[in-house]
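Participant: Submitted below is the structure of interest, expressed as structure tokens.
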2 protein chains.
Amino acid sequence: MKTVDFIPFQSVTLTDGFWKDRCDLNKNVSLSNVRQRFEESGRFDALRFNYAKTGKKPHIFYDSDVAKWMEAVAYLIEQDPDSMREHEALCEELIDCMERAQREDGYLNSEHQQVSPHLIFSNRDRHELYCAGHLIEAAIAYHKATGRDRFLKIMERYCDLIERVFLVENSAGFMTPGHEEIELALIKLYRHTKNGKYLNMARFFLEMRGNNQKDKPIYEDNLFGSQDDVDIRHLESANGHCVRALYLYSGIADLAAETGDALLFENLEKVFSDITNSKMYITGGVGSTPTTESFTVPYDLPNRTAYTESCCAVAMMMFASRMRKLSKQAKYGHLCERVLYNAMLSSTSLDGKSFFYENPLEVALEEYGREVAVPRRQHARLPITQRVEVFSCSCCPPNINRFFAHLGDYICVDEGDALCIEQYISAELNTPHGHIAIIEDYAREGKVCIHGHGYTAKAISLRVPEWCKKLTATLDEKSITPEIRDGYAYFAVGEDFSLDLNFHISLSFVSTNSMVRDNIGRMALTRGPVVYCIEGVDNGERLNRIEISPNALCDATEKLDFHGLYSVTLPAFRLKESNALYFDASEIATEQVHVKCIPYFAFANRGESDMLVWIRRRK
Amino acid sequence: MKTVDFIPFQSVTLTDGFWKDRCDLNKNVSLSNVRQRFEESGRFDALRFNYAKTGKKPHIFYDSDVAKWMEAVAYLIEQDPDSMREHEALCEELIDCMERAQREDGYLNSEHQQVSPHLIFSNRDRHELYCAGHLIEAAIAYHKATGRDRFLKIMERYCDLIERVFLVENSAGFMTPGHEEIELALIKLYRHTKNGKYLNMARFFLEMRGNNQKDKPIYEDNLFGSQDDVDIRHLESANGHCVRALYLYSGIADLAAETGDALLFENLEKVFSDITNSKMYITGGVGSTPTTESFTVPYDLPNRTAYTESCCAVAMMMFASRMRKLSKQAKYGHLCERVLYNAMLSSTSLDGKSFFYENPLEVALEEYGREVAVPRRQHARLPITQRVEVFSCSCCPPNINRFFAHLGDYICVDEGDALCIEQYISAELNTPHGHIAIIEDYAREGKVCIHGHGYTAKAISLRVPEWCKKLTATLDEKSITPEIRDGYAYFAVGEDFSLDLNFHISLSFVSTNSMVRDNIGRMALTRGPVVYCIEGVDNGERLNRIEISPNALCDATEKLDFHGLYSVTLPAFRLKESNALYFDASEIATEQVHVKCIPYFAFANRGESDMLVWIRRRK
């Protein structure tokens with residue numbers, strides 16, 4: 001199995017455009033805002049081992065929250081060290097604290113050391129190895145960014161202990177962790193240090209999962225929740241808690257890349273198909289029930305109670321990009337694009353300060369109103385309707401921080417003998433094959449320019465978007481018909497070239513397989529990669545009263561509106577309210593209205609409002 | 001306020017036809033079946049005070065289950081004493097046991113005396129007064145039926161204690177019961193004994209509700225659940241647990257009838273409108289959430305998670321018929337008819353043996369399948385898909401028994417100077433104004449004949465059904481145009497008359513106010529009083545893939561099928577399954593199919609299957 005790598009973000013400089021704006025927002029606003037909220041909520045104090053002093057009790061996953069934030073800082077030190085001085089100082093302080101607090105035997109966990117020492121390595125759902133994994137990833141990033149290895153050494157000492165307890169003595173209360181993360185972190189550590197024992201540890205945690213008698217299911221009687229239903233050599237479908245599952249699949253993909261184990265890849269292909277053919281929202285979000293934050297069964301995609309955690313968007317990017325390293329198939333890049341422009345962007349408010357945990361595909365405020373009839377304890381778990389700056393389970397904000405901090409990692413694959421552009425993000429790339437500049441007006445106009453300077457590889461391929469129905473190209477100002485194979489356009493290019501692509505973006509209505517109950521008789525508006533929605537603030541509440549004919553696209557008007565993207569206005573019909581509760585169907589009354597559609601990711605930025613992606617279709 | 005009474009069932013003999021069949025089924029099958037299940041589950045043993053011997057622990061509401069069954073037996077003793085000998089013997093045995101077990105001070109409750117004596121009158125949600133109320137109703141019925149007053153005396157002694165504890169000493173842990181029932185039972189006892197103290201007690205429990213500091217809400221922080229949000233003189237809307245609420249409203253209506261208090265009636269009118277205009281399913285079922293079995297907010301009528309308990313159907317009949325006694329308005333009879341042919345009939349299997357607790361308006365088996373992803377403890381509360389013979393909370397089966405046992409009570413009102421036919425049920429009625437025979441082919445053909453013999457009142461009025469668009473009549477074989485006022489047709493008749501009415505029944509599609517989210521873009525098929533549904537067993541599963549044009553009625557074919565009623569076959573379209581999860585809306589594919597519609601009440605009689613009342617409308 002031949003594997004490839006993406007050009008790493010360290011060799012990529014984002015340039016002015018849609019995505020640099022968002023990454024700058026992350027760097028300049030989100031990261032600091034998360035820092036403030038974490039300071040207030042005692043997350044940093046946890047890792048300062050200040051519990052006795054402050055009385056702010058650490059939570060079992062605080063270490064991972066802080067680790068993800070530190071990882072983001074490390075990535076940004078590499079790109080803009082001056083702007084990170086203050087954050088770097090905090091990282092140093094935290095590393096000091098960790099160094100002092102680490103136990104003689106290497107153990108390090110702020111909650112267990114300060115609050116629950118009697119529970120160390122006793123219960124697989126207490127997130128110790130998950131926290132360790134995130135700290136390892138942060139330590140690697142920090143070492144790369146600063147060249148200083150204190151943090152890395154701390155984590156290596158901790159890994160020694162983990163190896164002894166789990167692989168040598170088998171003395172913990174469990175064999176594999178409830179929340180996956182350590183697996184992929186250990187492979188990253190192996191790649192960073194070249195020390196084979198970390199690969200061995202990763203393999204152990206991956207291969208023991210669903211394959212031992214010691215582990216008890218996290219969700220009582222349900223083996224799916226903690227991915228204990230099958231071992232990794234018998235995987236066929238995506239099951240259980242989505243973030244955990246996707247971290248597991250990412251770890252397996254890493255193991256496949258390191259070992260060349262084709263069976264693992266084949267199984268992951270089945271899982272990938274299961275997700276994208278039957279368990280994924282149009283936004284690229286996943287998770288069909290908030291009850292256990294999990295995948296459920298094929299075609300179960302309720303919109304109002306979608307779970308679609310922001311961390312799932314991050315994890316989908318992790319999984320799909322790893323699959324791309326194992327196999328050149330356009331579907332992986334398609335998925336990344338779907339996630340990027342929708343589930344990922346929706347996670348953060350347009351001002352960069354607030355975040356969604358769930359990213360529902362419908363908000364019906366009436367659903368919240370009905371809860372008045374029910375005691376608080378029995379209220380339905382419904383998604384929040386407005387993003388907030390921090391939540392008690394605040395895994396998402398720092399995950400978003402670190403994701404945008406290394407967005408450059410997802411753009412271009414080095415295939416050894418040529419480059420392959422996967423995502424159209426304006427950037428300068430220094431590659432082993434020469435310099436590449438991507439200039440995009442992709443989501444707005446469906447156009448991209450690629451400039452090569454001193455490009456030695458003679459050929460370049462580019463992913464043709466899933467939504468593209470017509471592609472025109474000019475190479476060095478000459479019109480050219482590209483060779484298109486399996487979703488990629490191939491071009492023979494010279495040392496210096498200029499390639500202009502037009503993917504002919506247009507409005508479309510999308511339907512769903514009729515197996516998905518919630519979307520039957522409904523359509524979603526898309527424009528290239530961007531899924532649209534309608535909001536109550538523009539169109540009146542109770543949005544299901546609106547119905548749109550597919551022909552409405554002929555009369556659409558577009559207006560530059562949301563951060564450089566278009567809003568779209570369409571003629572539509574709205575059911576009138578009636579006096580009677582039930583009446584003869586012939587008496588149904590509608591009125592003509594115009595409906596304003598905005599990019600889904602921009603919803604909930606103008607106050608609390610109904611929102612709907614899947615609009616009722618008028619035949 | 002002038003009040004009227006219905007001709008009591010004792011003066012009514014059902015004759016061959018749709019309803020006699022059902023009442024016979026109740027008498028010959030359901031009643032015995034419930035008896036067997038109650039015997040097995042220890043319900044009778046509870047009232048035999050056999051707990052110490054059998055170890056079968058009584059539940060706090062077992063007494064009420066048994067009382068309703070005894071009440072049914074009493075009603076049937078009046079109609080067909082020979083067939084009730086065995087059941088009557090069991091009643092006598094139970095009365096023996098109660099007589100022996102009743103405490104010196106009058107207290108009587110099988111659970112509290114045998115299991116929880118320390119909790120007597122301590123907690124308003126332990127159903128003591130609810131059980132007492134049902135026992136009082138049973139005792140009155142039994143006294144009327146047999147002339148023997150032992151049971152009645154037991155309950156009068158118990159009432160003495162209740163009066164002392166609640167009205168005199170105020171020494172209980174609460175002032176008003178969690179589950180209403182005692183109120184209307186006490187007024188019934190007052191009417192039966194003419195002893196004013198029972199009216200006084202009823203008034204106390206009614207007027208103290210929501211009007212005292214002692215009572216704590218049943219549902220934690222929620223005053224709606226136990227109807228404590230307002231007192232009865234400030235009622236405006238229907239709130240909280242539906243059965244409890246409707247029993248309360250029935251009690252208030254009784255109090256209004258006895259006291260002539262117009263404000264109470266005006267408030268009940270508001271409540272009635274609130275229910276029928278915004279909180280009632282098309283079947284006449286109520287209850288929009290199983291979480292607390294309660295009314296929620298206006299227009300919240302989810303179909304799959306409808307609660308619509310069978311006891312609610314009984315309670316709606318109780319409430320609406322009491323309102324009819326206070327005011328001649330056709331809407332009360334309309335509601336009774338809606339409930340009778342739909343929510344009430346659906347409660348029982350066609351073989352009479354099994355019962356629904358909830359009566360949902362949609363069954364989507366996929367909703368049950370998705371629960372595999374979730375631990376059992378966190379499964380959604382979804383309605384059962386098949387009727388069962390007994391459930392742990394088996395309030396409904398004996399309530400259905402007693403309802404059908406006195407169905408004659410709902411047919412005809414004696415207005416003093418004339419009769420008014422409210423429900424078209426084949427029967428012979430001996431009234432103070434002479435003999436009336438009703439012969440109906442109502443639900444099938446929309447036709448009714450009324451024969452009068454020795455009728456002295458000179459006029460008769462008949463409710464014109466809500467669905468009737470054309471009424472033709474012949475009186476004594478002469479065509480006649482009736483005077484129609486406020487939903488009633490008025491006829492001047494002689495001593496012996498023969499009146500033939502044709503309400504011109506036809507198929508209709510019904511729409512719902514667009515405020516009801518679940519029904520937007522959907523229609524329900526009705527035929528006269530009968531709501532139709534489609535089932536997977538006839539039409540394939542995943543019924544939401546089907547869409548029907550309103551014009552399909554032109555091509556409908558009808559077939560005599562379900563117990564004398566028609567099934568209806570309509571041309572329709574069904575969405576095909578697609579390969580892709582998401583695809584361009586122009587590629588959507590449908591196939592032409594024929595859809596078989598059956599009366600809603602007959603669903604779930606042919607194995608587990610999807611079911612749908614509100615079918616998607618094809619424009």
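By convention in this document, the chains of the structure tokens carry letters A, B, ... by their order, each chain's residues are numbered from 1, and ligands are numbered from 1 in the order they are shown.
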Using only C-alpha atoms, I'd like a table of the residues in range 8-111 of chain A that come within 8 Å of range 411-434 of chain A; for each, show the closest atom pair and its distance in Å rounded to one decimal, ordered by chain and ascending number, as CSV.
Facilitator:
```
residue,atom,partner,partner_atom,distance
A:Ser11,CA,A:Asn430,CA,5.2
A:Val12,CA,A:Leu429,CA,4.5
A:Thr13,CA,A:Glu428,CA,5.1
A:Leu14,CA,A:Ala427,CA,4.0
A:Thr15,CA,A:Ala427,CA,4.8
A:Asp16,CA,A:Ser426,CA,6.7
A:Gly17,CA,A:Ser426,CA,6.2
A:Phe18,CA,A:Ile425,CA,7.8
A:Trp19,CA,A:Ile425,CA,6.4
A:Lys20,CA,A:Ser426,CA,7.6
```
Participant: Show me which bits of chain A are within 8 Å of chain B, counting only C-alpha atoms, as a PyMOL selection string.
Facilitator: chain A and resi 219-222+224-225+239-240+276-278+282+291-292+294-297+300+369-376+378+508-515+517+520+523+542+544-545+550+575-586+588+618-619
Participant: Which polymer residues have any atom within 9 Å of an atom of Asp231 in chain A, counting only C-alpha atoms, with same-chain residues fewer than 4 positions away left out, as a list in words?
Facilitator: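 Final neighbour list, sorted by chain and number: Leu206, Glu207, Met208, Arg209, Gly210, Asn211, Gln227 and Leu235 of chain A.
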Participant: Please give the complete set of residues from range 142-331 of chain B that DSSP, run on the backbone, assigns to alpha helix (DSSP H), formatted as a ChimeraX atom specification.
Facilitator: /B:142-146,150-162,182-193,196-208,242-259,262-278,310-326,330-331
Participant: With only C-alpha atoms as the counted atoms, please give the residues lying no more than 12 Å from Lys53 in chain A, apart from itself and same-chain residues fewer than 5 positions off, as number ranges by chain.
Facilitator: A: 42, 45-46, 48, 114
Participant: Rounded to one decimal place, report the CA of Leu264 in chain A-CA of Arg324 in chain A distance in Å.
Facilitator: 14.3 Å
Participant: If you run DSSP on the backbone here, which positions in range 245-415 of chain A get strand (DSSP E or B)? Please write them as JSON, numbers by chain.
Facilitator: {"A": [280, 286, 289, 294, 295, 309, 348, 355, 358, 362, 363, 388, 412, 413, 414]}
Participant: Using only C-alpha atoms, determine which residues lie at most 6 Å from range 152-163 of chain B, disregarding the query and same-chain residues fewer than 4 positions distant; provide the list as a ChimeraX atom specification.
Facilitator: /B:106-107,136,139,167
Participant: Residues at most 8 Å from Asn342 in chain B, counting only C-alpha atoms, excluding those fewer than 3 positions away in the same chain, as a VMD selection string?
Facilitator: chain B and resid 283 to 284 338 to 339 345 to 346 530 to 531 600 to 601
Participant: Got a sec: who's within 9 Å of range 123-133 of chain B, counting only C-alpha atoms, leaving out chain neighbours fewer than 5 positions off, as an mmCIF file with N, CA, C and O atoms, in the first residue's frame?
Facilitator:
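Listed below is the output, result11.cif:
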```
data_model
loop_
_atom_site.group_PDB
_atom_site.id
_atom_site.type_symbol
_atom_site.label_atom_id
_atom_site.label_comp_id
_atom_site.auth_asym_id
_atom_site.auth_seq_id
_atom_site.Cartn_x
_atom_site.Cartn_y
_atom_site.Cartn_z
ATOM 1 N N ILE B 60 -50.382 0.959 44.084
ATOM 2 C CA ILE B 60 -51.247 1.993 44.679
ATOM 3 C C ILE B 60 -52.521 2.247 43.881
ATOM 4 O O ILE B 60 -53.461 2.802 44.414
ATOM 5 N N PHE B 61 -52.544 1.863 42.586
ATOM 6 C CA PHE B 61 -53.812 2.112 41.880
ATOM 7 C C PHE B 61 -54.569 0.829 41.515
ATOM 8 O O PHE B 61 -55.493 0.873 40.718
ATOM 9 N N TYR B 62 -54.195 -0.298 42.108
ATOM 10 C CA TYR B 62 -54.928 -1.545 41.834
ATOM 11 C C TYR B 62 -56.417 -1.427 42.188
ATOM 12 O O TYR B 62 -57.281 -1.942 41.483
ATOM 13 N N ASP B 63 -56.717 -0.756 43.309
ATOM 14 C CA ASP B 63 -58.129 -0.648 43.718
ATOM 15 C C ASP B 63 -58.978 -0.004 42.626
ATOM 16 O O ASP B 63 -60.122 -0.400 42.385
ATOM 17 N N SER B 64 -58.387 0.998 41.965
ATOM 18 C CA SER B 64 -59.153 1.689 40.921
ATOM 19 C C SER B 64 -59.347 0.789 39.708
ATOM 20 O O SER B 64 -60.405 0.815 39.069
ATOM 21 N N ASP B 65 -58.325 0.002 39.383
ATOM 22 C CA ASP B 65 -58.470 -0.938 38.256
ATOM 23 C C ASP B 65 -59.647 -1.877 38.507
ATOM 24 O O ASP B 65 -60.519 -2.077 37.651
ATOM 25 N N ALA B 67 -62.070 -1.488 40.681
ATOM 26 C CA ALA B 67 -63.339 -0.757 40.825
ATOM 27 C C ALA B 67 -63.973 -0.507 39.465
ATOM 28 O O ALA B 67 -65.198 -0.661 39.294
ATOM 29 N N LEU B 108 -59.979 2.529 53.630
ATOM 30 C CA LEU B 108 -59.974 1.349 52.773
ATOM 31 C C LEU B 108 -59.060 1.569 51.577
ATOM 32 O O LEU B 108 -59.360 2.378 50.699
ATOM 33 N N ASN B 109 -57.943 0.887 51.575
ATOM 34 C CA ASN B 109 -57.056 0.951 50.405
ATOM 35 C C ASN B 109 -56.118 -0.232 50.495
ATOM 36 O O ASN B 109 -55.379 -0.392 51.472
ATOM 37 N N HIS B 112 -52.177 0.640 50.724
ATOM 38 C CA HIS B 112 -51.732 1.328 51.939
ATOM 39 C C HIS B 112 -51.963 0.480 53.190
ATOM 40 O O HIS B 112 -51.156 0.496 54.103
ATOM 41 N N ALA B 138 -68.182 2.624 41.529
ATOM 42 C CA ALA B 138 -68.548 1.207 41.402
ATOM 43 C C ALA B 138 -69.660 0.856 42.387
ATOM 44 O O ALA B 138 -70.614 0.132 42.051
ATOM 45 N N MET B 155 -68.436 2.433 51.302
ATOM 46 C CA MET B 155 -67.867 3.655 50.751
ATOM 47 C C MET B 155 -68.373 4.889 51.497
ATOM 48 O O MET B 155 -67.659 5.882 51.616
ATOM 49 N N TYR B 158 -66.199 5.179 54.388
ATOM 50 C CA TYR B 158 -64.901 5.723 53.983
ATOM 51 C C TYR B 158 -65.013 7.242 53.757
ATOM 52 O O TYR B 158 -64.148 8.025 54.162
ATOM 53 N N CYS B 159 -66.129 7.659 53.164
ATOM 54 C CA CYS B 159 -66.333 9.087 52.917
ATOM 55 C C CYS B 159 -66.393 9.881 54.223
ATOM 56 O O CYS B 159 -65.926 11.023 54.293
ATOM 57 N N ILE B 162 -62.915 10.474 55.106
ATOM 58 C CA ILE B 162 -62.303 11.462 54.211
ATOM 59 C C ILE B 162 -62.770 12.862 54.593
ATOM 60 O O ILE B 162 -61.980 13.807 54.650
ATOM 61 N N ALA B 172 -54.400 15.650 56.751
ATOM 62 C CA ALA B 172 -53.638 14.880 55.763
ATOM 63 C C ALA B 172 -52.427 15.680 55.315
ATOM 64 O O ALA B 172 -52.321 16.878 55.592
ATOM 65 N N GLY B 173 -51.538 15.007 54.614
ATOM 66 C CA GLY B 173 -50.343 15.680 54.113
ATOM 67 C C GLY B 173 -50.610 16.553 52.907
ATOM 68 O O GLY B 173 -49.676 17.139 52.346
ATOM 69 N N PHE B 174 -51.833 16.590 52.475
ATOM 70 C CA PHE B 174 -52.199 17.380 51.298
ATOM 71 C C PHE B 174 -53.661 17.757 51.396
ATOM 72 O O PHE B 174 -54.388 17.227 52.240
ATOM 73 N N MET B 175 -54.081 18.682 50.546
ATOM 74 C CA MET B 175 -55.491 19.088 50.559
ATOM 75 C C MET B 175 -56.260 18.526 49.387
ATOM 76 O O MET B 175 -57.439 18.184 49.510
ATOM 77 N N THR B 176 -55.643 18.480 48.229
ATOM 78 C CA THR B 176 -56.334 17.947 47.054
ATOM 79 C C THR B 176 -55.483 16.827 46.456
ATOM 80 O O THR B 176 -54.254 16.858 46.551
ATOM 81 N N PRO B 177 -56.152 15.862 45.843
ATOM 82 C CA PRO B 177 -55.415 14.679 45.380
ATOM 83 C C PRO B 177 -54.610 14.945 44.111
ATOM 84 O O PRO B 177 -54.953 15.834 43.332
ATOM 85 N N GLY B 178 -53.559 14.177 43.918
ATOM 86 C CA GLY B 178 -52.765 14.307 42.702
ATOM 87 C C GLY B 178 -53.561 13.927 41.470
ATOM 88 O O GLY B 178 -53.524 14.629 40.460
ATOM 89 N N HIS B 179 -54.267 12.832 41.555
ATOM 90 C CA HIS B 179 -55.073 12.376 40.421
ATOM 91 C C HIS B 179 -56.535 12.592 40.755
ATOM 92 O O HIS B 179 -57.087 11.939 41.617
ATOM 93 N N GLU B 180 -57.166 13.515 40.037
ATOM 94 C CA GLU B 180 -58.584 13.783 40.236
ATOM 95 C C GLU B 180 -59.434 12.560 39.902
ATOM 96 O O GLU B 180 -59.069 11.741 39.074
ATOM 97 N N GLU B 181 -60.591 12.504 40.542
ATOM 98 C CA GLU B 181 -61.585 11.438 40.318
ATOM 99 C C GLU B 181 -62.599 11.486 41.467
ATOM 100 O O GLU B 181 -63.799 11.367 41.248
ATOM 101 N N ILE B 182 -62.075 11.711 42.690
ATOM 102 C CA ILE B 182 -62.962 11.746 43.858
ATOM 103 C C ILE B 182 -64.044 12.814 43.676
ATOM 104 O O ILE B 182 -65.181 12.639 44.131
ATOM 105 N N GLU B 183 -63.707 13.897 43.000
ATOM 106 C CA GLU B 183 -64.629 15.035 42.885
ATOM 107 C C GLU B 183 -65.920 14.625 42.181
ATOM 108 O O GLU B 183 -67.024 14.821 42.700
ATOM 109 N N LEU B 184 -65.758 14.047 40.972
ATOM 110 C CA LEU B 184 -66.964 13.680 40.234
ATOM 111 C C LEU B 184 -67.666 12.491 40.899
ATOM 112 O O LEU B 184 -68.904 12.368 40.835
ATOM 113 N N ALA B 185 -66.899 11.633 41.563
ATOM 114 C CA ALA B 185 -67.507 10.485 42.256
ATOM 115 C C ALA B 185 -68.379 10.971 43.413
ATOM 116 O O ALA B 185 -69.475 10.444 43.644
ATOM 117 N N LEU B 186 -67.902 11.978 44.130
ATOM 118 C CA LEU B 186 -68.671 12.500 45.266
ATOM 119 C C LEU B 186 -69.966 13.158 44.793
ATOM 120 O O LEU B 186 -71.003 13.051 45.451
ATOM 121 N N ASP B 215 -50.556 22.025 49.197
ATOM 122 C CA ASP B 215 -50.287 21.064 48.123
ATOM 123 C C ASP B 215 -48.986 21.371 47.392
ATOM 124 O O ASP B 215 -48.734 22.506 47.002
ATOM 125 N N LYS B 216 -48.205 20.351 47.223
ATOM 126 C CA LYS B 216 -46.969 20.453 46.444
ATOM 127 C C LYS B 216 -47.235 19.901 45.045
ATOM 128 O O LYS B 216 -47.965 18.928 44.895
ATOM 129 N N ILE B 218 -47.114 17.753 41.808
ATOM 130 C CA ILE B 218 -46.746 16.351 41.589
ATOM 131 C C ILE B 218 -45.475 16.273 40.762
ATOM 132 O O ILE B 218 -44.594 15.468 41.020
#
```
